[in-house]
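Colleague: Can you keep this structure in mind? I'll have questions shortly.
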Amino acid sequence: MGEQNEIAIQMKEISKIFDKTVANDNISLDIRRGEILALLGENGSGKTTLVNMLSGIYYPDHGEIFVNGKKATIRSPRDAFDLGIGMVHQHFKLIDVFTAAENIILGLPGGITIDRKALYAQIRDIAAKYGFDLTPEKKIYNMSVSEKQTVEIVKVLYRGADILILDEPTAVLTPQETNKLFAVLRRMKEDNKAVVIITHKLNEVLEVSDRVHILRKGRYVGTVDTKQTSTQELTEKMVGRSVSLAIERPIVQNRKLIIDASHLTCVNGEGLTTLDGVDVQLYGGEILGVAGIAGSGQKELCEALAGLQPLKAGSILFHDEDAQGKPQVENIAGQPPIEMIKRGISMSFVPEDRLGMGLVASMNMTDNVMLRSYYRNKGPFVDRNTPRKLAENLIDRLDIVTPGVNAPVRLLSGGNVQKVLLGREISSQPQVLIAAYPVRGLDINSSYTIYSLLNEEKKKGVAVLYVGEDLDVLLEISDRIMVLCGGKVSGVVDAATATKEQIGLMMMHVGGMEDAVKEASAND
Amino acid sequence: MDNLVNLLYAAVLAGTPLLFGTLGEILTEKSGNLNLGVEGMMFMGAIAGLAGVYFAEMWLGELTGIICLLIALLAAFVCGAFGALIYGFLTITLRANQNVTGLTLTIFGIGFANFFGEIIASASPTKFMAISTGAKATFANNPLFPGLVELAADNRWIYWINKLFFSYNLLVYIAIVVALLLAWFLNKTRAGLNLRAVGEDPAAADAAGIAVNRYKYLATVIGGGICGIGGMYISMVTAYGVWVHNCVGGRGWIAVALVIFATWSPSRAIFGALVFGGLSILRMYIPLGIPIEIYDLLPYLATIFVLILTSVRQSKEHNIPKHCGFNYFREER
């Protein structure tokens, strides 16, 4: 790589400001043909904003963009297509009720009516050329996440793009699907297209890219050749100081069974079985990781345990001690949260939807903290002092950046919102802590704070259920990992010995474990 | 049998203004704009169509039928479209709340039409705002093929077929042509596909290079024009070319309900308009001795029934465009 690669795009002194936040500050960088470029940066470092100015979603407040050496003005997505720039957004921009083919030709000029037969043939040609698996007649709402991504990429190629930008393309894929995507990207690179991937996953940067541009807090930090760099160097450039990337996994002796749930079965409003005979045991002093493709029953499992999801079948046995220290067992299946509280069972749930289900976005921190305790007040008035002190305490202890306890929580950044939520849940001293995607959208620092909070709880003897999407993190932090697939338990593995590939296979189909073993023995 | 034919015949006549209103609103909602001003735009079309022919006759003298029809269509379309343009400017450009703007347009339209109706009537020598007998004939229910009427004298079947299919005023046939055209446009053409995309997910449509605001404006304004023609039908056909105070009288609201009943499909709207038209005149053909108000409830009961049915089926397709009722701003974060 290097000299022979011609420059496709050059951005000069680009700035973009939203209200008072400077999203991009005087950034200059280049994108070349025949290479895969990684745009690396933490959440909120301005990567997406920057490429959105190439795809015509935003217009820069300052600076110039040159495409193929000529100065370009990109005022709309249409201008971007005309310049051969195609973007695959992180949140897919697809119309659910349309077919793949309809989404692909959306907005293109042509005859008054659509010649579907010719269109399907063209799409199959592109799919064959790059090795995609795609059914043009299939509706988007019937597709898996990876199929949707394929539609997005084909859509961009169909428009004749030769500069491809992919925003966090692997965030929702299994390791196997990721490899398939990388193979496609390499084929495009050989085709002399310019490929840009935006990511914050270092191992993927090292695996697929040729060069890395690094952004930090809206500024351009530097460019490195992938061959001559390491995870450690990239992290330091990305975060701005050296960070220990290891997540500790303290071992707690004498773990106690707290929750023994069996045959949990849930059916949703459409009559589909979302949770199918799931058995799960939670031990105090242990983190049970839950892996699976999005929508495999993670949400239903968490909500079933927390008493928020009606069960069709199954039991949840809660093991506890009474006042005399004698062990007692109670079936809490189908009990609403308020009933559990009355029985003295203390369970905490950090839901996936933080500002919808976890906190009330327009209320301040004191009031949000109070939601967890107000019903213990006697008389018609609520006690505001205790929760306010607790809120102030949380701000100190967890370094929450906020204008104060009276500011509505929606004004806080994602990481701080999560700290408020997790802090509130932990301060109720739970026996069980259920956390669904607690680090989604957080920067490295906040993520590591959350990991150590979870570990602290574990050391106190709390049973922790951790639903995650980053398999590397799951493998490091969990004691055991349960893999869900289509609402069923695909298997439970020891996190210390399992590999990412094994888990990936188990995520894709139940019994993937046996295949993984077979594959491993075939390789030997 | 005669009773049934008469009921159906009357249902078609009563259903046609509803069909125009529904088609206009379907087109509007497909672009993601929930315009609750249908009633207002129909009122504006009603007065504009009538006034157009009234003044044309006053200034130009006697006009031929086809000219009368064209003037009425054009005036009603332009005035309804003007109402929709106000709505579009407020919601698309200024991003005002769609529900509030739509309700305001209804209030505005009712006031606008009644105000001009009364003023023109009181200024006329007869104290009525009425068009000439010749112009009225243009909007009357004349047989399409006079030859068929002669044959029908001998044969009951021919009589029924002739009455059911070939003996309405021209606007009825125009309504059906508009419905079929709209169905073809939405389902078969590129522009129709783009428009549906705008209503479902404007951000996705925008990223695909579709000029979202242009589609929203065009669909809303043309939709408003079609609603206006529905209003003109009421003043010209239902009220026989005379201005009647409050003549639209809630039909715009039934059209809004009918959009849901038709599950946003123009071809199903033809059937829906027939059903709702039939329900609205049922009391005159099947007297049951119950209060009139209970008959008036029937269209709404049917709508509730369809709402329950679609919500139980949870169909992704036959449903309201996903982004309908919300405004779109590209740089929103």
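Convention: chains lettered A, B, ... in structure tokens order; per-chain residue numbering from 1; ligands numbered from 1 as shown.
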Kindly provide, as a PyMOL selection string, the residues of chain B having any atom no farther than 12 Å from an atom of chain A, counting only C-alpha atoms.
Modeller: chain B and resi 184-212+215+311-323+329-333
Colleague: Go ahead and write the residues just picked, C-alpha atoms, as a PDB file, in the first residue's frame.
Modeller:
ATOM      1  CA  TRP B 184     -51.810   2.907  -9.793  1.00  0.00           C
ATOM      2  CA  PHE B 185     -49.629   5.867  -8.852  1.00  0.00           C
ATOM      3  CA  LEU B 186     -48.923   4.653  -5.323  1.00  0.00           C
ATOM      4  CA  ASN B 187     -48.317   1.003  -6.156  1.00  0.00           C
ATOM      5  CA  LYS B 188     -46.745   0.961  -9.581  1.00  0.00           C
ATOM      6  CA  THR B 189     -44.807   4.132 -10.217  1.00  0.00           C
ATOM      7  CA  ARG B 190     -41.382   5.250  -9.064  1.00  0.00           C
ATOM      8  CA  ALA B 191     -42.728   8.542  -7.754  1.00  0.00           C
ATOM      9  CA  GLY B 192     -45.395   6.632  -5.799  1.00  0.00           C
ATOM     10  CA  LEU B 193     -42.743   4.420  -4.240  1.00  0.00           C
ATOM     11  CA  ASN B 194     -40.741   7.504  -3.282  1.00  0.00           C
ATOM     12  CA  LEU B 195     -43.814   9.170  -1.799  1.00  0.00           C
ATOM     13  CA  ARG B 196     -44.637   6.121   0.330  1.00  0.00           C
ATOM     14  CA  ALA B 197     -41.025   6.065   1.522  1.00  0.00           C
ATOM     15  CA  VAL B 198     -41.337   9.699   2.631  1.00  0.00           C
ATOM     16  CA  GLY B 199     -44.382   8.846   4.728  1.00  0.00           C
ATOM     17  CA  GLU B 200     -42.848   5.720   6.227  1.00  0.00           C
ATOM     18  CA  ASP B 201     -39.400   7.024   7.103  1.00  0.00           C
ATOM     19  CA  PRO B 202     -38.400  10.463   5.816  1.00  0.00           C
ATOM     20  CA  ALA B 203     -34.834  10.082   7.097  1.00  0.00           C
ATOM     21  CA  ALA B 204     -34.391   6.919   5.016  1.00  0.00           C
ATOM     22  CA  ALA B 205     -36.023   8.600   2.029  1.00  0.00           C
ATOM     23  CA  ASP B 206     -33.760  11.606   2.455  1.00  0.00           C
ATOM     24  CA  ALA B 207     -30.667   9.413   2.631  1.00  0.00           C
ATOM     25  CA  ALA B 208     -31.833   7.754  -0.601  1.00  0.00           C
ATOM     26  CA  GLY B 209     -31.752  11.143  -2.294  1.00  0.00           C
ATOM     27  CA  ILE B 210     -35.475  11.882  -2.366  1.00  0.00           C
ATOM     28  CA  ALA B 211     -36.471  15.545  -2.044  1.00  0.00           C
ATOM     29  CA  VAL B 212     -38.613  14.963   1.048  1.00  0.00           C
ATOM     30  CA  TYR B 215     -42.934  15.339  -2.093  1.00  0.00           C
ATOM     31  CA  SER B 311     -54.864  -3.754  15.584  1.00  0.00           C
ATOM     32  CA  VAL B 312     -55.625  -7.421  16.302  1.00  0.00           C
ATOM     33  CA  ARG B 313     -54.119  -8.509  12.988  1.00  0.00           C
ATOM     34  CA  GLN B 314     -51.020  -6.358  13.623  1.00  0.00           C
ATOM     35  CA  SER B 315     -50.409  -6.211   9.897  1.00  0.00           C
ATOM     36  CA  LYS B 316     -47.295  -4.234   9.020  1.00  0.00           C
ATOM     37  CA  GLU B 317     -48.562  -3.268   5.621  1.00  0.00           C
ATOM     38  CA  HIS B 318     -52.219  -2.225   5.800  1.00  0.00           C
ATOM     39  CA  ASN B 319     -51.411   0.369   8.382  1.00  0.00           C
ATOM     40  CA  ILE B 320     -50.865   4.065   8.843  1.00  0.00           C
ATOM     41  CA  PRO B 321     -47.584   5.325   7.293  1.00  0.00           C
ATOM     42  CA  LYS B 322     -45.132   5.036  10.177  1.00  0.00           C
ATOM     43  CA  HIS B 323     -44.046   8.659  10.269  1.00  0.00           C
ATOM     44  CA  PHE B 329     -36.018  17.983  10.134  1.00  0.00           C
ATOM     45  CA  ARG B 330     -32.829  16.594   8.613  1.00  0.00           C
ATOM     46  CA  GLU B 331     -30.302  18.031  11.061  1.00  0.00           C
ATOM     47  CA  GLU B 332     -32.199  17.037  14.186  1.00  0.00           C
ATOM     48  CA  ARG B 333     -30.041  15.210  16.724  1.00  0.00           C
TER      49      ARG B 333
END
Colleague: From a DSSP pass on the backbone, collect the residues of region 83-327 of chain A flagged as strand (DSSP E) and hand them back as a PyMOL selection string.
Modeller: chain A and resi 85-88+163-167+194-199+211-216+219-225+256-267+273-284+286-291+313-321+327
Colleague: Between CA of Arg219 (chain A) and CA of Ile27 (chain A), what is the distance, to one decimal in Å?
Modeller: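 Computing the Euclidean distance for CA of Arg219 (chain A) and CA of Ile27 (chain A) yields 6.2 Å.
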Colleague: Can you pull out every residue from region 163-290 of chain B that DSSP, working from the backbone, puts in helix (DSSP H, G or I), and format the result as a PyMOL selection string?
Modeller: chain B and resi 163-165+170-188+190-200+202-207+212-238+251-261+266-285
Colleague: Out of A:Gly222, A:Leu433, A:Ile287, A:Lys378, which residue has the shortest atom-to-atom distance to Ala306 (chain A) when counting only C-alpha atoms?
Modeller: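 Nearest candidate to Ala306 (chain A) out of A:Gly222, A:Leu433, A:Ile287, A:Lys378: A:Leu433.
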Colleague: Please list as a list in words every residue within 12 Å of Ala239 (chain B), counting only C-alpha atoms and excluding residues in the same chain fewer than 6 positions away.
Modeller: Ala14, Ala46, Ile47, Leu50, Met129, Ala130, Ile131, Lys136, Phe139, Ala140, Gly231, Met232, Tyr233, His245, Asn246, Cys247, Val248 and Gly249 of chain B
